[in-house]
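Source file: work25.tsv (TSV, C-alpha atoms)
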chain	number	residue	atom	x	y	z
A	1	MET	CA	-18.61	5.94	-1.74
A	2	ASN	CA	-16.37	7.45	-4.42
A	3	ALA	CA	-13.55	5.52	-6.06
A	4	ILE	CA	-10.75	7.14	-4.02
A	5	SER	CA	-12.55	6.44	-0.73
A	6	ASN	CA	-13.15	2.88	-1.85
A	7	VAL	CA	-9.43	2.39	-2.52
A	8	ARG	CA	-8.55	3.87	0.86
A	9	SER	CA	-10.99	1.54	2.62
A	10	GLN	CA	-9.36	-1.44	0.89
A	11	LEU	CA	-5.71	-0.50	1.34
A	12	LEU	CA	-5.36	1.50	4.55
A	13	PRO	CA	-6.25	-1.38	6.91
A	14	LEU	CA	-3.61	-3.51	5.17
A	15	VAL	CA	-1.00	-0.75	5.43
A	16	ASP	CA	-1.87	-0.21	9.09
A	17	ALA	CA	-1.55	-3.93	9.84
A	18	LEU	CA	1.84	-4.00	8.14
A	19	VAL	CA	3.05	-0.94	10.05
A	20	LEU	CA	1.98	-2.51	13.35
A	21	GLN	CA	3.80	-5.73	12.49
A	22	LEU	CA	6.96	-3.85	11.51
A	23	GLU	CA	6.85	-1.92	14.76
A	24	THR	CA	6.43	-5.19	16.66
A	25	ASP	CA	9.40	-6.57	14.72
A	26	ARG	CA	11.44	-3.50	15.74
A	27	ASP	CA	11.90	-2.28	12.18
A	28	PRO	CA	11.28	1.47	12.56
A	29	GLY	CA	12.71	2.41	9.17
A	30	SER	CA	10.34	0.13	7.27
A	31	ALA	CA	7.42	1.13	9.50
A	32	ALA	CA	8.15	4.78	8.70
A	33	TRP	CA	8.20	4.01	4.98
A	34	PHE	CA	4.75	2.44	5.13
A	35	ARG	CA	3.39	5.26	7.31
A	36	HIS	CA	4.48	7.49	4.41
A	37	VAL	CA	2.51	5.24	2.03
A	38	ALA	CA	-0.55	5.55	4.30
A	39	ALA	CA	-0.20	9.35	4.36
A	40	ALA	CA	-0.01	9.40	0.56
A	41	LEU	CA	-3.18	7.29	0.36
A	42	GLU	CA	-4.94	9.68	2.75
A	43	ALA	CA	-3.82	12.67	0.66
A	44	ALA	CA	-4.85	11.17	-2.70
A	45	ARG	CA	-7.59	13.17	-4.40
A	46	GLU	CA	-7.42	11.96	-8.00
A	47	GLU	CA	-6.89	8.67	-9.78
A	48	GLU	CA	-3.47	9.95	-10.88
A	49	ASP	CA	-2.46	10.33	-7.23
A	50	LEU	CA	-3.23	6.66	-6.65
A	51	LEU	CA	-1.38	5.60	-9.77
A	52	LEU	CA	1.73	7.42	-8.54
A	53	ILE	CA	1.49	5.61	-5.21
A	54	PHE	CA	1.18	2.27	-6.98
A	55	LEU	CA	4.08	2.99	-9.33
A	56	GLU	CA	6.47	4.90	-7.10
A	57	GLN	CA	5.83	3.41	-3.67
A	58	LEU	CA	4.20	0.01	-4.08
A	59	GLY	CA	5.39	-0.99	-7.54
A	60	PRO	CA	8.18	-3.43	-8.24
A	61	THR	CA	10.65	-0.61	-8.88
A	62	GLY	CA	9.58	1.53	-5.91
A	63	PRO	CA	12.16	2.24	-3.20
A	64	MET	CA	10.30	0.06	-0.71
A	65	ALA	CA	11.79	-1.05	2.56
A	66	ASP	CA	14.03	-4.11	2.39
A	67	ALA	CA	11.33	-6.78	2.44
A	68	ALA	CA	13.94	-9.55	2.33
A	69	GLN	CA	14.67	-8.81	5.98
A	70	PHE	CA	11.01	-8.83	7.05
A	71	SER	CA	9.67	-11.43	9.43
A	72	ALA	CA	7.42	-14.10	7.93
A	73	LEU	CA	4.32	-12.32	9.25
A	74	ALA	CA	5.46	-8.94	7.89
A	75	ARG	CA	6.11	-10.51	4.47
A	76	LEU	CA	2.64	-12.05	4.56
A	77	ARG	CA	1.08	-8.67	5.38
A	78	LEU	CA	3.15	-7.02	2.63
A	79	ASP	CA	2.01	-9.67	0.13
A	80	GLN	CA	-1.63	-9.02	1.09
A	81	LEU	CA	-1.15	-5.27	0.61
A	82	LEU	CA	0.58	-5.66	-2.75
A	83	ALA	CA	-2.02	-8.15	-4.01
A	84	GLN	CA	-4.85	-5.77	-3.13
A	85	ALA	CA	-3.01	-2.79	-4.66
A	86	GLU	CA	-2.51	-4.83	-7.83
A	87	ALA	CA	-6.21	-5.71	-7.94
A	88	VAL	CA	-7.17	-2.05	-7.51
A	89	ALA	CA	-4.70	-0.93	-10.18
A	90	PHE	CA	-6.09	-3.58	-12.53
A	91	ALA	CA	-9.64	-2.39	-11.88
A	92	PHE	CA	-8.60	1.16	-12.76
A	93	SER	CA	-6.93	0.03	-15.95
A	94	ALA	CA	-9.84	-2.24	-16.91
A	95	ASP	CA	-12.68	0.23	-16.57
A	96	GLY	CA	-11.54	3.27	-14.62
A	97	ASP	CA	-13.53	2.50	-11.47
A	98	PRO	CA	-12.08	0.27	-8.76
A	99	HIS	CA	-14.43	-2.26	-7.20
Mind turning this structure into structure tokens?
Amino acid sequence: MNAISNVRSQLLPLVDALVLQLETDRDPGSAAWFRHVAAALEAAREEEDLLLIFLEQLGPTGPMADAAQFSALARLRLDQLLAQAEAVAFAFSADGDPH
């Protein structure tokens, strides 16, 4: 499995779980935002594509949905996603190959 596929397999289930929770919570705007994140992950072909997702969409300065209004379960799912994205980004920065 190549590095990009490995990242997808780690992050997409977390994004999907968050989207489902946001839909359950009747937060269509935030769900749409994270569907956009999932589409960007699916479209990523190079490490640089992933770095842009991490910086522009999942990073602390990204225009993410208003997480302050999320339910407790949605915040938990978001925290899981961000923690895994951080671990992947660290792996890239440490040796260039996420594990």
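Taking all atoms listed in the file into account, A:Phe90 lies nearest to A:Leu51 out of the set A:Leu73, A:Leu51, A:Leu18, A:Val37.
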Open item on the list: For a quick check of understanding, using all atoms listed in the file, which of A:Leu55, A:Leu50, A:Arg45, A:Trp33 has the smallest distance to A:Ala67?
Closed with: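 For A:Ala67, the nearest of the given residues is A:Trp33.
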TODO: Find the residue from A:Ala40, A:Ala74, A:Leu14, A:Ile4 that sits nearest to A:Glu56; use all atoms listed in the file when measuring.
DONE: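 Distance minimum relative to A:Glu56 lands on A:Ala40.
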Task: All residues 12 Å or closer to A:Ala43, only C-alpha atoms, same chain fewer than 3 positions away omitted, as an MDAnalysis selection string - done: chainID A and resid 4:5 8 12 36:40 46:50 52:53
Within 12 Å of (-7.5, -0.8, -8.7) (file coordinates; all atoms listed in the file), which protein or nucleic acid residues are there? I'd like them as a PDB file with C-alpha atoms, in the frame of the given file.
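Result file is part_22.pdb:
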ATOM      1  CA  ALA A   3     -13.550   5.520  -6.060  1.00  0.00           C
ATOM      2  CA  ILE A   4     -10.750   7.140  -4.020  1.00  0.00           C
ATOM      3  CA  SER A   5     -12.550   6.440  -0.730  1.00  0.00           C
ATOM      4  CA  ASN A   6     -13.150   2.880  -1.850  1.00  0.00           C
ATOM      5  CA  VAL A   7      -9.430   2.390  -2.520  1.00  0.00           C
ATOM      6  CA  ARG A   8      -8.550   3.870   0.860  1.00  0.00           C
ATOM      7  CA  GLN A  10      -9.360  -1.440   0.890  1.00  0.00           C
ATOM      8  CA  LEU A  11      -5.710  -0.500   1.340  1.00  0.00           C
ATOM      9  CA  GLU A  47      -6.890   8.670  -9.780  1.00  0.00           C
ATOM     10  CA  GLU A  48      -3.470   9.950 -10.880  1.00  0.00           C
ATOM     11  CA  LEU A  50      -3.230   6.660  -6.650  1.00  0.00           C
ATOM     12  CA  LEU A  51      -1.380   5.600  -9.770  1.00  0.00           C
ATOM     13  CA  ILE A  53       1.490   5.610  -5.210  1.00  0.00           C
ATOM     14  CA  PHE A  54       1.180   2.270  -6.980  1.00  0.00           C
ATOM     15  CA  LEU A  82       0.580  -5.660  -2.750  1.00  0.00           C
ATOM     16  CA  ALA A  83      -2.020  -8.150  -4.010  1.00  0.00           C
ATOM     17  CA  GLN A  84      -4.850  -5.770  -3.130  1.00  0.00           C
ATOM     18  CA  ALA A  85      -3.010  -2.790  -4.660  1.00  0.00           C
ATOM     19  CA  GLU A  86      -2.510  -4.830  -7.830  1.00  0.00           C
ATOM     20  CA  ALA A  87      -6.210  -5.710  -7.940  1.00  0.00           C
ATOM     21  CA  VAL A  88      -7.170  -2.050  -7.510  1.00  0.00           C
ATOM     22  CA  ALA A  89      -4.700  -0.930 -10.180  1.00  0.00           C
ATOM     23  CA  PHE A  90      -6.090  -3.580 -12.530  1.00  0.00           C
ATOM     24  CA  ALA A  91      -9.640  -2.390 -11.880  1.00  0.00           C
ATOM     25  CA  PHE A  92      -8.600   1.160 -12.760  1.00  0.00           C
ATOM     26  CA  SER A  93      -6.930   0.030 -15.950  1.00  0.00           C
ATOM     27  CA  ALA A  94      -9.840  -2.240 -16.910  1.00  0.00           C
ATOM     28  CA  ASP A  95     -12.680   0.230 -16.570  1.00  0.00           C
ATOM     29  CA  GLY A  96     -11.540   3.270 -14.620  1.00  0.00           C
ATOM     30  CA  ASP A  97     -13.530   2.500 -11.470  1.00  0.00           C
ATOM     31  CA  PRO A  98     -12.080   0.270  -8.760  1.00  0.00           C
ATOM     32  CA  HIS A  99     -14.430  -2.260  -7.200  1.00  0.00           C
TER      33      HIS A  99
END
File for stretch 30-76 of chain A (N, CA and C atoms), as a PDB file, in the first residue's frame:
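Final output, out04.pdb:
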ATOM      1  N   SER A  30     -21.785  21.865   8.498  1.00  0.00           N
ATOM      2  CA  SER A  30     -20.541  21.237   8.947  1.00  0.00           C
ATOM      3  C   SER A  30     -20.334  19.894   8.264  1.00  0.00           C
ATOM      4  N   ALA A  31     -21.416  19.135   8.088  1.00  0.00           N
ATOM      5  CA  ALA A  31     -21.306  17.850   7.383  1.00  0.00           C
ATOM      6  C   ALA A  31     -20.793  18.078   5.968  1.00  0.00           C
ATOM      7  N   ALA A  32     -21.291  19.109   5.300  1.00  0.00           N
ATOM      8  CA  ALA A  32     -20.833  19.415   3.938  1.00  0.00           C
ATOM      9  C   ALA A  32     -19.354  19.771   3.931  1.00  0.00           C
ATOM     10  N   TRP A  33     -18.921  20.526   4.933  1.00  0.00           N
ATOM     11  CA  TRP A  33     -17.495  20.891   5.013  1.00  0.00           C
ATOM     12  C   TRP A  33     -16.633  19.634   5.078  1.00  0.00           C
ATOM     13  N   PHE A  34     -17.007  18.698   5.928  1.00  0.00           N
ATOM     14  CA  PHE A  34     -16.196  17.498   6.084  1.00  0.00           C
ATOM     15  C   PHE A  34     -16.348  16.527   4.910  1.00  0.00           C
ATOM     16  N   ARG A  35     -17.460  16.580   4.195  1.00  0.00           N
ATOM     17  CA  ARG A  35     -17.545  15.818   2.935  1.00  0.00           C
ATOM     18  C   ARG A  35     -16.534  16.389   1.936  1.00  0.00           C
ATOM     19  N   HIS A  36     -16.347  17.702   1.962  1.00  0.00           N
ATOM     20  CA  HIS A  36     -15.343  18.349   1.112  1.00  0.00           C
ATOM     21  C   HIS A  36     -13.931  17.868   1.500  1.00  0.00           C
ATOM     22  N   VAL A  37     -13.680  17.750   2.798  1.00  0.00           N
ATOM     23  CA  VAL A  37     -12.394  17.227   3.266  1.00  0.00           C
ATOM     24  C   VAL A  37     -12.201  15.803   2.747  1.00  0.00           C
ATOM     25  N   ALA A  38     -13.229  14.966   2.846  1.00  0.00           N
ATOM     26  CA  ALA A  38     -13.144  13.585   2.356  1.00  0.00           C
ATOM     27  C   ALA A  38     -12.859  13.556   0.857  1.00  0.00           C
ATOM     28  N   ALA A  39     -13.522  14.422   0.100  1.00  0.00           N
ATOM     29  CA  ALA A  39     -13.285  14.476  -1.353  1.00  0.00           C
ATOM     30  C   ALA A  39     -11.849  14.887  -1.647  1.00  0.00           C
ATOM     31  N   ALA A  40     -11.324  15.821  -0.879  1.00  0.00           N
ATOM     32  CA  ALA A  40      -9.931  16.240  -1.067  1.00  0.00           C
ATOM     33  C   ALA A  40      -8.973  15.095  -0.759  1.00  0.00           C
ATOM     34  N   LEU A  41      -9.273  14.311   0.283  1.00  0.00           N
ATOM     35  CA  LEU A  41      -8.437  13.149   0.595  1.00  0.00           C
ATOM     36  C   LEU A  41      -8.488  12.127  -0.538  1.00  0.00           C
ATOM     37  N   GLU A  42      -9.679  11.902  -1.075  1.00  0.00           N
ATOM     38  CA  GLU A  42      -9.818  10.959  -2.195  1.00  0.00           C
ATOM     39  C   GLU A  42      -9.041  11.429  -3.420  1.00  0.00           C
ATOM     40  N   ALA A  43      -9.000  12.740  -3.638  1.00  0.00           N
ATOM     41  CA  ALA A  43      -8.351  13.300  -4.824  1.00  0.00           C
ATOM     42  C   ALA A  43      -6.836  13.443  -4.668  1.00  0.00           C
ATOM     43  N   ALA A  44      -6.324  13.339  -3.459  1.00  0.00           N
ATOM     44  CA  ALA A  44      -4.894  13.540  -3.212  1.00  0.00           C
ATOM     45  C   ALA A  44      -4.066  12.515  -3.986  1.00  0.00           C
ATOM     46  N   ARG A  45      -3.053  12.999  -4.649  1.00  0.00           N
ATOM     47  CA  ARG A  45      -2.162  12.120  -5.419  1.00  0.00           C
ATOM     48  C   ARG A  45      -0.704  12.224  -4.978  1.00  0.00           C
ATOM     49  N   GLU A  46      -0.371  13.324  -4.334  1.00  0.00           N
ATOM     50  CA  GLU A  46       1.011  13.582  -3.912  1.00  0.00           C
ATOM     51  C   GLU A  46       1.023  13.974  -2.439  1.00  0.00           C
ATOM     52  N   GLU A  47       2.183  13.861  -1.833  1.00  0.00           N
ATOM     53  CA  GLU A  47       2.339  14.276  -0.438  1.00  0.00           C
ATOM     54  C   GLU A  47       1.940  15.739  -0.259  1.00  0.00           C
ATOM     55  N   GLU A  48       2.259  16.570  -1.234  1.00  0.00           N
ATOM     56  CA  GLU A  48       1.914  17.995  -1.150  1.00  0.00           C
ATOM     57  C   GLU A  48       0.403  18.201  -1.071  1.00  0.00           C
ATOM     58  N   ASP A  49      -0.367  17.356  -1.761  1.00  0.00           N
ATOM     59  CA  ASP A  49      -1.823  17.441  -1.686  1.00  0.00           C
ATOM     60  C   ASP A  49      -2.301  17.213  -0.252  1.00  0.00           C
ATOM     61  N   LEU A  50      -1.704  16.222   0.402  1.00  0.00           N
ATOM     62  CA  LEU A  50      -2.080  15.930   1.786  1.00  0.00           C
ATOM     63  C   LEU A  50      -1.683  17.069   2.711  1.00  0.00           C
ATOM     64  N   LEU A  51      -0.504  17.621   2.500  1.00  0.00           N
ATOM     65  CA  LEU A  51      -0.058  18.719   3.343  1.00  0.00           C
ATOM     66  C   LEU A  51      -1.002  19.913   3.235  1.00  0.00           C
ATOM     67  N   LEU A  52      -1.494  20.181   2.033  1.00  0.00           N
ATOM     68  CA  LEU A  52      -2.456  21.277   1.867  1.00  0.00           C
ATOM     69  C   LEU A  52      -3.751  20.995   2.630  1.00  0.00           C
ATOM     70  N   ILE A  53      -4.199  19.749   2.602  1.00  0.00           N
ATOM     71  CA  ILE A  53      -5.403  19.384   3.353  1.00  0.00           C
ATOM     72  C   ILE A  53      -5.172  19.613   4.845  1.00  0.00           C
ATOM     73  N   PHE A  54      -4.019  19.170   5.328  1.00  0.00           N
ATOM     74  CA  PHE A  54      -3.720  19.315   6.748  1.00  0.00           C
ATOM     75  C   PHE A  54      -3.636  20.785   7.137  1.00  0.00           C
ATOM     76  N   LEU A  55      -2.998  21.595   6.301  1.00  0.00           N
ATOM     77  CA  LEU A  55      -2.815  23.006   6.626  1.00  0.00           C
ATOM     78  C   LEU A  55      -4.067  23.842   6.401  1.00  0.00           C
ATOM     79  N   GLU A  56      -4.715  23.647   5.270  1.00  0.00           N
ATOM     80  CA  GLU A  56      -5.814  24.523   4.882  1.00  0.00           C
ATOM     81  C   GLU A  56      -7.175  24.065   5.395  1.00  0.00           C
ATOM     82  N   GLN A  57      -7.355  22.780   5.614  1.00  0.00           N
ATOM     83  CA  GLN A  57      -8.673  22.287   5.989  1.00  0.00           C
ATOM     84  C   GLN A  57      -8.726  21.716   7.401  1.00  0.00           C
ATOM     85  N   LEU A  58      -7.657  21.088   7.837  1.00  0.00           N
ATOM     86  CA  LEU A  58      -7.667  20.459   9.153  1.00  0.00           C
ATOM     87  C   LEU A  58      -6.753  21.144  10.154  1.00  0.00           C
ATOM     88  N   GLY A  59      -5.975  22.106   9.699  1.00  0.00           N
ATOM     89  CA  GLY A  59      -5.050  22.805  10.582  1.00  0.00           C
ATOM     90  C   GLY A  59      -5.751  23.800  11.484  1.00  0.00           C
ATOM     91  N   PRO A  60      -5.040  24.302  12.466  1.00  0.00           N
ATOM     92  CA  PRO A  60      -5.646  25.212  13.435  1.00  0.00           C
ATOM     93  C   PRO A  60      -6.126  26.526  12.827  1.00  0.00           C
ATOM     94  N   THR A  61      -5.618  26.894  11.672  1.00  0.00           N
ATOM     95  CA  THR A  61      -6.065  28.132  11.037  1.00  0.00           C
ATOM     96  C   THR A  61      -7.021  27.877   9.878  1.00  0.00           C
ATOM     97  N   GLY A  62      -7.353  26.610   9.630  1.00  0.00           N
ATOM     98  CA  GLY A  62      -8.270  26.278   8.543  1.00  0.00           C
ATOM     99  C   GLY A  62      -9.676  26.770   8.825  1.00  0.00           C
ATOM    100  N   PRO A  63     -10.433  27.062   7.778  1.00  0.00           N
ATOM    101  CA  PRO A  63     -11.802  27.567   7.963  1.00  0.00           C
ATOM    102  C   PRO A  63     -12.788  26.443   8.264  1.00  0.00           C
ATOM    103  N   MET A  64     -12.490  25.677   9.297  1.00  0.00           N
ATOM    104  CA  MET A  64     -13.299  24.521   9.663  1.00  0.00           C
ATOM    105  C   MET A  64     -14.662  24.962  10.181  1.00  0.00           C
ATOM    106  N   ALA A  65     -15.580  24.053  10.149  1.00  0.00           N
ATOM    107  CA  ALA A  65     -16.914  24.316  10.701  1.00  0.00           C
ATOM    108  C   ALA A  65     -16.786  24.747  12.164  1.00  0.00           C
ATOM    109  N   ASP A  66     -17.780  25.386  12.677  1.00  0.00           N
ATOM    110  CA  ASP A  66     -17.760  25.902  14.041  1.00  0.00           C
ATOM    111  C   ASP A  66     -17.877  24.762  15.047  1.00  0.00           C
ATOM    112  N   ALA A  67     -16.735  24.213  15.416  1.00  0.00           N
ATOM    113  CA  ALA A  67     -16.702  23.051  16.299  1.00  0.00           C
ATOM    114  C   ALA A  67     -17.230  23.369  17.694  1.00  0.00           C
ATOM    115  N   ALA A  68     -17.251  24.625  18.078  1.00  0.00           N
ATOM    116  CA  ALA A  68     -17.755  24.991  19.399  1.00  0.00           C
ATOM    117  C   ALA A  68     -19.226  24.626  19.550  1.00  0.00           C
ATOM    118  N   GLN A  69     -19.938  24.560  18.441  1.00  0.00           N
ATOM    119  CA  GLN A  69     -21.357  24.243  18.476  1.00  0.00           C
ATOM    120  C   GLN A  69     -21.636  22.753  18.276  1.00  0.00           C
ATOM    121  N   PHE A  70     -20.596  21.946  18.124  1.00  0.00           N
ATOM    122  CA  PHE A  70     -20.771  20.520  17.904  1.00  0.00           C
ATOM    123  C   PHE A  70     -21.296  19.849  19.169  1.00  0.00           C
ATOM    124  N   SER A  71     -22.002  18.744  18.961  1.00  0.00           N
ATOM    125  CA  SER A  71     -22.398  17.912  20.099  1.00  0.00           C
ATOM    126  C   SER A  71     -21.136  17.285  20.699  1.00  0.00           C
ATOM    127  N   ALA A  72     -21.279  16.742  21.898  1.00  0.00           N
ATOM    128  CA  ALA A  72     -20.129  16.107  22.551  1.00  0.00           C
ATOM    129  C   ALA A  72     -19.573  14.971  21.694  1.00  0.00           C
ATOM    130  N   LEU A  73     -20.447  14.174  21.091  1.00  0.00           N
ATOM    131  CA  LEU A  73     -19.982  13.059  20.259  1.00  0.00           C
ATOM    132  C   LEU A  73     -19.303  13.569  18.989  1.00  0.00           C
ATOM    133  N   ALA A  74     -19.818  14.619  18.385  1.00  0.00           N
ATOM    134  CA  ALA A  74     -19.180  15.178  17.187  1.00  0.00           C
ATOM    135  C   ALA A  74     -17.809  15.756  17.537  1.00  0.00           C
ATOM    136  N   ARG A  75     -17.693  16.410  18.684  1.00  0.00           N
ATOM    137  CA  ARG A  75     -16.385  16.942  19.104  1.00  0.00           C
ATOM    138  C   ARG A  75     -15.398  15.808  19.344  1.00  0.00           C
ATOM    139  N   LEU A  76     -15.878  14.719  19.925  1.00  0.00           N
ATOM    140  CA  LEU A  76     -15.013  13.555  20.143  1.00  0.00           C
ATOM    141  C   LEU A  76     -14.522  13.010  18.811  1.00  0.00           C
TER     142      LEU A  76
END
